[in-house]
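Engineer: My questions will all concern the structure given below.
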Amino acid sequence: MNIQRSFLLLFLLVGVPAFAEEKVAQEQFAQTQLDQDQTGKLTLEAAIAQAIASDPWLNGSRYREDALTSESISASTLPDPKVSLMAANFPTDSFDINQEPMTQLTVGVMCAQ
């Protein structure tokens, strides 16, 4: 359990700033791409921005973060309510509910947790 907390703390210390930097890096990449097209040379800033923007680990981590956020939202909500309608010993020849004394109609609503 302590190892999991250590990894979570490490992720929060390293991963969260990386996600914030990724947006900035993508904007810088777009700007440096324009600069690179004008000069024809790849600058260090352009290379770093390109590496961060196309890093599969960062992209995968962002998708994992989105999935975990979605799971936490769905875990804090109640499930959808269910409505049930049941009929027992219902006469099928006349559909008259007073024909048989054992005819039962049941309506139910439930919300399982």
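Chain labels A, B, ... are given in the sequence in which chains occur in the structure tokens; within each chain residues are numbered consecutively from 1, and ligands are likewise numbered from 1 in the order shown.
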Looking only at the backbone, which of the residues in region 24-111 of chain A does DSSP tag as helix (DSSP H, G or I), as a ChimeraX atom specification?

Structural biologist: /A:24-39,44-53,56-75

Engineer: Env of region 104-106 of chain A: 7 Å cut, atoms = only C-alpha atoms, seq-sep filter 3 positions within chain, self excluded. Answer as a count of residues only.

Structural biologist: 5

Engineer: For the atom pair CA of Gly60 (chain A) and CA of Pro79 (chain A), what is the interatomic distance in Å to one decimal place?

Structural biologist: 29.0 Å

Engineer: Taking 2 positions as the minimum chain separation for residues in the same chain, which residues sit within 8 Å of Val83 (chain A) when counting only C-alpha atoms? Answer as a ChimeraX atom specification.

Structural biologist: /A:81,85,107-110

Engineer: So that I have them on file, write out the residues from the current selection with N, CA and C atoms, as a tab-separated table (two decimals), in the first residue's frame.

Structural biologist:
```tsv
chain	number	residue	atom	x	y	z
A	81	PRO	N	-32.39	4.64	-12.11
A	81	PRO	CA	-33.51	3.91	-11.48
A	81	PRO	C	-34.11	2.91	-12.47
A	85	LEU	N	-42.81	-3.61	-14.29
A	85	LEU	CA	-44.25	-3.87	-14.35
A	85	LEU	C	-44.40	-5.38	-14.51
A	107	VAL	N	-46.29	-3.03	-9.72
A	107	VAL	CA	-45.45	-1.95	-10.23
A	107	VAL	C	-44.34	-1.72	-9.23
A	108	GLY	N	-43.11	-1.64	-9.70
A	108	GLY	CA	-41.98	-1.45	-8.79
A	108	GLY	C	-40.99	-0.44	-9.32
A	109	VAL	N	-40.36	0.28	-8.41
A	109	VAL	CA	-39.29	1.21	-8.75
A	109	VAL	C	-38.13	0.94	-7.81
A	110	MET	N	-36.91	0.80	-8.36
A	110	MET	CA	-35.77	0.55	-7.49
A	110	MET	C	-34.54	1.27	-8.05
```
